[in-house]
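Notes follow once the structure below has been shown.
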Amino acid sequence: MAADPRKKAQPTRGANQARAPWREQAESYFIHHRKVARDSANRLLHTPVASLMTWTVMGVALALPVALLLLLTSLQGVSAGWESSARVTAYIELDVPLERARVLGNEISGDGRVAGVELVDRDQALAEFRASSGLEDALDYLEDNPLPHTLLITPEEGARSTEGVEGLVRFIEGMEGIERVQVDLGWLQRLNAMTDLLARAVWALAILLAAAVVLVIGNTVRLSIESRRDEILVAKLVGGTDSFVRRPFLYTGAWFGLGGGIVALILLQLSLWWLSGPIERLAGLYRSDFSLDGLHIDGALALIIVSMLLGWLGAWVAVKRHLDDMEPGDIAGGA
Amino acid sequence: MIEFRQVTKRYDSDHTALRQVNFGLERGELAFLTGHSGAGKSTLLKLIMVMERPSAGEVVVGGQVLNRLPRRQIPYIRRHIGVVFQNHQLLFDRTVFDNVAMPLEVMGASPRDTGRRVRAALDKVGLLQKEKMNPMQLSGGEQQRVGIARAVVNKPPVLLADEPTGNLDPALSADIMNLFGQFSQVGVTVLIATHDIALINEMGRRTLKLDHGRLVAGGTPVLGGGVHGR
């Protein structure tokens with residue numbers, strides 16, 4: 001007689017069988033899980049080439065978006081670093097004399113958010129422009145110096161955030177005699193906009209590739225379900241619940257995910273190692289301390305967990321689609 | 001133990017497999033189910049296994065009306081019904097022991113318990129020494145006995161057999177029938193679907209005869225606990 005506490009049917013026979021206490025039940029449940037997990041892993045290792053191919057497909061599909069995300073994080077680190085070198089340029093109205101410009105400069109440098117102010121007077125500016133632009137002849141035609149006095153303002157360390165700089169700009173703009181204030185962040189904003197765009201593209205790619213992983217695993221598990229059809233039918237016939245029958249396949253999916261995650265990590269490490277030399281040289285040319293960061297231990301763990309979840313999900317899709325419909329009716333022969 | 005009340009099973013294509021079948025089997029009763037092929041024997045067994053649901057009427061097993069059984073309860077019903085097939089449905093990727101252990105594994109029995117019960121079942125069918133072999137290495141009669149061991153390993157109150165002796169010679173068939181007789185003596189309700197008229201006559205048990213989906217013989221209506229004739 002079945003000593004199953006979950007049973008709902010009340011057969012009338014064999015009540016003399018001792019019921020397993022719950023501890024023993026839980027214990028055999030865990031033993032069963034361990035056995036199923038081990039069996040599924042062994043099955044994968046029994047067909048090493050096929051398994052390795054699935055792992056590689058999964059690894060490539062996972063490594064690609066993760067690599068792009070890493071690149072993105074490094075780029076965002078770059079823009080964060082350069083934001084600190086932001087400089088504010090204030091152009092003084094043309095009719096303001098040099099003395100007044102000095103006073104303005106002193107006023108601004110008196111502000112707590114300002115680290116230093118440099119005054120570039122219009123004659124000096126014209127001379128610099130003449131020297132650097134190569135437009136000497138054209139400049140000679142001008143009657144007046146078209147350039148204003150300019151204040152180059154370096155913000156204090158604490159004011160170098162976007163909001164801090166904006167506040168400073170508003171303050172300077174509000175002063176009398178200031179024509180226009182420009183923050184030299186244009187290229188930085190463009191870089192930021194580009195990394196934002198790239199981030200979205202990478203996430204879209206990541207989602208698409210994750211879906212591909214789920215489908216690949218789903219298809220692989222479907223084949224494995226087909227090849228174990230007899231076993232599934234017999235298990236259902238002798239009273240295996242749906243979750244009992246699903247379990248080995250869900251473990252298979254998770255093991256595919258584990259292997260895929262490990263392959264992805266290896267691919268990432270290899271390409272990082274391969275790229276690190278050229279990147280260092282390139283960053284050196286730009287005098288940047290840019291470097292491509294690899295995955296840290298927690299990132300690697302997260303990648304593997306996500307990978308296993310995707311594998312599990314793929315298996316679950318296959319199981320839902322193909323396994324639950326399988327009924328042992330066809331074993332029993334025709335009517 | 002098993003009760004059919006006005007059971008009709010109609011498949012989609014105007015094909016009616018069973019028409020208003022009425023019968024009851026008591027605890028410990030052994031009965032044969034016979035009829036021409038296509039008479040509805042398999043359908044009747046499938047209804048007991050809840051592989052099919054009746055179109056009309058009620059199927060009751062162990063006091064449980066199967067018509068209204070929710071899908072997720074079906075496995076628990078099947079744990080109380082052992083089944084033996086003509087082609088025995090053994091798995092050749094594992095040992096005899098593991099084949100017989102399947103119903104216990106499904107229930108989550110402890111390994112200690114499993115070992116004890118599997119060996120008891122194998123002992124019963126006389127194959128205790130062959131537990132470590134692959135079923136492929138066994139003869140047809142032995143394979144069928146492994147199938148029987150698997151069907152009875154969790155001591156189900158109901159045992160169904162679909163042409164269990166179809167591939168066996170008369171001596172082996174008699175052996176197998178003997179086993180079924182022993183199970184019924186310890187209280188198992190046994191229903192055997194077979195063509196083998198000689199065997200049926202030899203055993204002299206109650207026989208349910210189906211003809212084009214109608215129960216034409218042996219279909220005693222269910223009474224309040226009377227033991228049906230042999």
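Letters A, B, ... go to the chains of the structure tokens in the order shown; residues in each chain start at 1; ligands are counted from 1 in the same order.
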**OP:** Could you give me, as a list in words, the residues within 12 Å of Asp169 in chain B, counting only C-alpha atoms and dropping anything in the same chain fewer than 6 positions from it?
**Re:**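 Result of the neighbour search: Ser139, Gly140, Gly141, Asp175, Ile176, Asp196 and Leu199 of chain B.
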**OP:** Please identify which residues in range 28-268 of chain A DSSP calls alpha helix (DSSP H) from the backbone, and express them as a VMD selection string.
**Re:** chain A and resid 28 to 46 48 to 83 98 to 109 122 to 133 136 to 140 162 to 173 186 to 227 229 to 237 242 to 268
Subject >> Neighbour list for range 43-49 of chain B as a ChimeraX atom specification, cut-off 10 Å, only C-alpha atoms, skip fewer than 4 positions in-chain >> reply: /A:237-239,328-330,332-335 /B:2-4,7-9,17-18,21,33,38-39,53-54,58-61,66-67,74-75,77-83,158,160-162,191-193,210,213
Subject >> Filtered DSSP result for range 98-175 of chain B, state strand (DSSP E), as an MDAnalysis selection string >> reply: chainID B and resid 158:162
With N, CA and C atoms kept, could you save the residues just selected as a PDB file, in the first residue's frame?
```pdb
ATOM      1  N   VAL B 158      -5.488  -2.715  -6.838  1.00  0.00           N
ATOM      2  CA  VAL B 158      -6.066  -3.123  -8.121  1.00  0.00           C
ATOM      3  C   VAL B 158      -4.933  -3.486  -9.072  1.00  0.00           C
ATOM      4  N   LEU B 159      -5.113  -4.610  -9.775  1.00  0.00           N
ATOM      5  CA  LEU B 159      -4.117  -5.016 -10.753  1.00  0.00           C
ATOM      6  C   LEU B 159      -4.825  -5.247 -12.081  1.00  0.00           C
ATOM      7  N   LEU B 160      -4.377  -4.533 -13.124  1.00  0.00           N
ATOM      8  CA  LEU B 160      -4.947  -4.693 -14.453  1.00  0.00           C
ATOM      9  C   LEU B 160      -3.912  -5.350 -15.339  1.00  0.00           C
ATOM     10  N   ALA B 161      -4.385  -6.214 -16.272  1.00  0.00           N
ATOM     11  CA  ALA B 161      -3.439  -6.830 -17.189  1.00  0.00           C
ATOM     12  C   ALA B 161      -4.058  -6.835 -18.570  1.00  0.00           C
ATOM     13  N   ASP B 162      -3.282  -6.352 -19.544  1.00  0.00           N
ATOM     14  CA  ASP B 162      -3.761  -6.299 -20.923  1.00  0.00           C
ATOM     15  C   ASP B 162      -3.005  -7.337 -21.730  1.00  0.00           C
TER      16      ASP B 162
END
```
Subject >> Exercise: Leu138 in chain B partners within 12 Å, only C-alpha atoms, chain neighbours under 3 positions left out, as number ranges by chain >> reply: B: 90, 92, 95-96, 127, 129-135, 141-147
Original post:
By how many Å are CA of Ser42 in chain B and CA of Gln137 in chain B apart?
Top reply: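 One can read the CA of Ser42 in chain B to CA of Gln137 in chain B distance as 29.1 Å.
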Original post:
At what distance in Å, to one decimal, does CA of Gly218 in chain B lie from CA of Pro156 in chain B?
Top reply: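 According to the coordinates, CA of Pro156 in chain B and CA of Gly218 in chain B are separated by 24.0 Å.
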**OP:** Write out as a ChimeraX atom specification the residues lying within 8 Å of Thr207 in chain B, counting only C-alpha atoms and excluding same-chain residues fewer than 3 positions away.
**Re:** /B:31-34,200,217-218
**OP:** Tell me which protein, DNA and RNA residues are within 9 Å of range 178-184 of chain B, counting only C-alpha atoms, leaving out same-chain ones fewer than 4 positions away, and put them as a VMD selection string.
**Re:** chain B and resid 27 to 30 124 to 125 148 152 159 173 to 174 188 to 190 192
With N, CA and C atoms retained, write the just-selected residues as a compact mmCIF listing (two decimals), in the first residue's frame.
```
# COMPACT_ATOMS: atom_id res chain seq x y z
N ARG B 27 -13.32 -6.55 -3.86
CA ARG B 27 -11.96 -6.72 -3.39
C ARG B 27 -11.57 -8.19 -3.48
N GLY B 28 -10.38 -8.44 -3.99
CA GLY B 28 -9.89 -9.82 -4.05
C GLY B 28 -10.52 -10.65 -5.15
N GLU B 29 -11.29 -10.03 -6.01
CA GLU B 29 -11.92 -10.79 -7.09
C GLU B 29 -10.99 -10.82 -8.30
N LEU B 30 -10.99 -11.99 -9.00
CA LEU B 30 -10.22 -12.06 -10.23
C LEU B 30 -11.19 -12.30 -11.36
N LYS B 124 8.79 -12.78 -5.23
CA LYS B 124 7.44 -13.28 -5.50
C LYS B 124 7.34 -13.86 -6.91
N VAL B 125 7.97 -13.20 -7.89
CA VAL B 125 7.89 -13.70 -9.27
C VAL B 125 9.08 -14.60 -9.61
N ILE B 148 5.28 -7.78 -14.08
CA ILE B 148 4.32 -8.04 -13.00
C ILE B 148 4.89 -7.56 -11.67
N VAL B 152 3.19 -4.81 -9.05
CA VAL B 152 2.71 -5.11 -7.69
C VAL B 152 3.65 -4.60 -6.60
N LEU B 159 -5.11 -4.61 -9.77
CA LEU B 159 -4.12 -5.02 -10.75
C LEU B 159 -4.82 -5.25 -12.08
N SER B 173 2.18 -19.26 -19.63
CA SER B 173 0.93 -18.55 -19.38
C SER B 173 0.28 -19.05 -18.09
N ALA B 174 0.31 -20.32 -17.92
CA ALA B 174 -0.30 -20.90 -16.72
C ALA B 174 0.42 -20.38 -15.47
N VAL B 188 -6.09 -8.53 -3.70
CA VAL B 188 -5.96 -7.62 -4.84
C VAL B 188 -7.08 -7.92 -5.84
N THR B 189 -7.72 -6.88 -6.32
CA THR B 189 -8.72 -7.03 -7.37
C THR B 189 -8.00 -7.11 -8.70
N VAL B 190 -8.16 -8.22 -9.42
CA VAL B 190 -7.40 -8.44 -10.65
C VAL B 190 -8.36 -8.50 -11.83
N ILE B 192 -8.16 -9.10 -15.98
CA ILE B 192 -7.24 -9.51 -17.03
C ILE B 192 -7.96 -9.47 -18.38
```
Original post:
Could you state the separation of CA of Thr16 in chain B and CA of Leu215 in chain B in Å, given to one decimal place?
Top reply: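 Separating CA of Thr16 in chain B from CA of Leu215 in chain B is a distance of 13.2 Å.
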Original post:
Which one is closest to chain B: A:Glu163, A:Glu27, A:Asp111, A:Glu173? Count only C-alpha atoms.
Top reply: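 Between A:Glu163, A:Glu27, A:Asp111, A:Glu173, the residue approaching chain B most closely is A:Glu27.
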**OP:** Choose the residue, out of A:Leu250, A:Ile207, A:Ala26, A:Ile305, that has the smallest atom-to-atom separation from chain B; count only C-alpha atoms.
**Re:**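 The shortest atom-to-atom distance to chain B comes from A:Ala26.
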Residues within 6 Å of range 113-125 of chain A, only C-alpha atoms, excluding chain neighbours under 6 positions, as a PDB file with N, CA and C atoms, in the first residue's frame:
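So the final result, stored in selection28.pdb, reads:
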```pdb
ATOM      1  N   LEU A 147      36.809  90.273 -30.608  1.00  0.00           N
ATOM      2  CA  LEU A 147      36.766  89.352 -29.473  1.00  0.00           C
ATOM      3  C   LEU A 147      36.533  90.104 -28.163  1.00  0.00           C
ATOM      4  N   PRO A 148      35.742  89.479 -27.253  1.00  0.00           N
ATOM      5  CA  PRO A 148      35.505  90.117 -25.968  1.00  0.00           C
ATOM      6  C   PRO A 148      36.573  89.698 -24.968  1.00  0.00           C
ATOM      7  N   HIS A 149      36.595  90.349 -23.817  1.00  0.00           N
ATOM      8  CA  HIS A 149      37.379  89.827 -22.702  1.00  0.00           C
ATOM      9  C   HIS A 149      36.741  88.527 -22.259  1.00  0.00           C
ATOM     10  N   THR A 150      37.550  87.617 -21.825  1.00  0.00           N
ATOM     11  CA  THR A 150      37.022  86.300 -21.470  1.00  0.00           C
ATOM     12  C   THR A 150      37.539  85.890 -20.094  1.00  0.00           C
ATOM     13  N   LEU A 151      36.630  85.278 -19.317  1.00  0.00           N
ATOM     14  CA  LEU A 151      37.045  84.727 -18.020  1.00  0.00           C
ATOM     15  C   LEU A 151      37.005  83.212 -18.111  1.00  0.00           C
ATOM     16  N   LEU A 152      38.117  82.549 -17.803  1.00  0.00           N
ATOM     17  CA  LEU A 152      38.139  81.084 -17.762  1.00  0.00           C
ATOM     18  C   LEU A 152      38.031  80.662 -16.301  1.00  0.00           C
ATOM     19  N   ILE A 153      36.941  80.000 -15.975  1.00  0.00           N
ATOM     20  CA  ILE A 153      36.659  79.709 -14.566  1.00  0.00           C
ATOM     21  C   ILE A 153      36.764  78.202 -14.323  1.00  0.00           C
ATOM     22  N   THR A 154      37.572  77.843 -13.379  1.00  0.00           N
ATOM     23  CA  THR A 154      37.659  76.423 -12.991  1.00  0.00           C
ATOM     24  C   THR A 154      36.839  76.218 -11.713  1.00  0.00           C
ATOM     25  N   PRO A 155      35.851  75.348 -11.752  1.00  0.00           N
ATOM     26  CA  PRO A 155      35.016  75.153 -10.560  1.00  0.00           C
ATOM     27  C   PRO A 155      35.792  74.449  -9.454  1.00  0.00           C
ATOM     28  N   GLU A 156      35.347  74.684  -8.238  1.00  0.00           N
ATOM     29  CA  GLU A 156      35.884  73.997  -7.060  1.00  0.00           C
ATOM     30  C   GLU A 156      35.557  72.502  -7.167  1.00  0.00           C
ATOM     31  N   ALA A 159      32.048  71.373  -6.675  1.00  0.00           N
ATOM     32  CA  ALA A 159      31.015  71.914  -7.564  1.00  0.00           C
ATOM     33  C   ALA A 159      31.102  71.297  -8.950  1.00  0.00           C
TER      34      ALA A 159
END
```
Subject >> Selected residue of minimal separation from Glu52 in chain B among B:His88, B:Tyr11, B:Phe97, B:Phe23, counting only C-alpha atoms >> reply: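 With only C-alpha atoms as the atom set, the closest residue is B:Tyr11.
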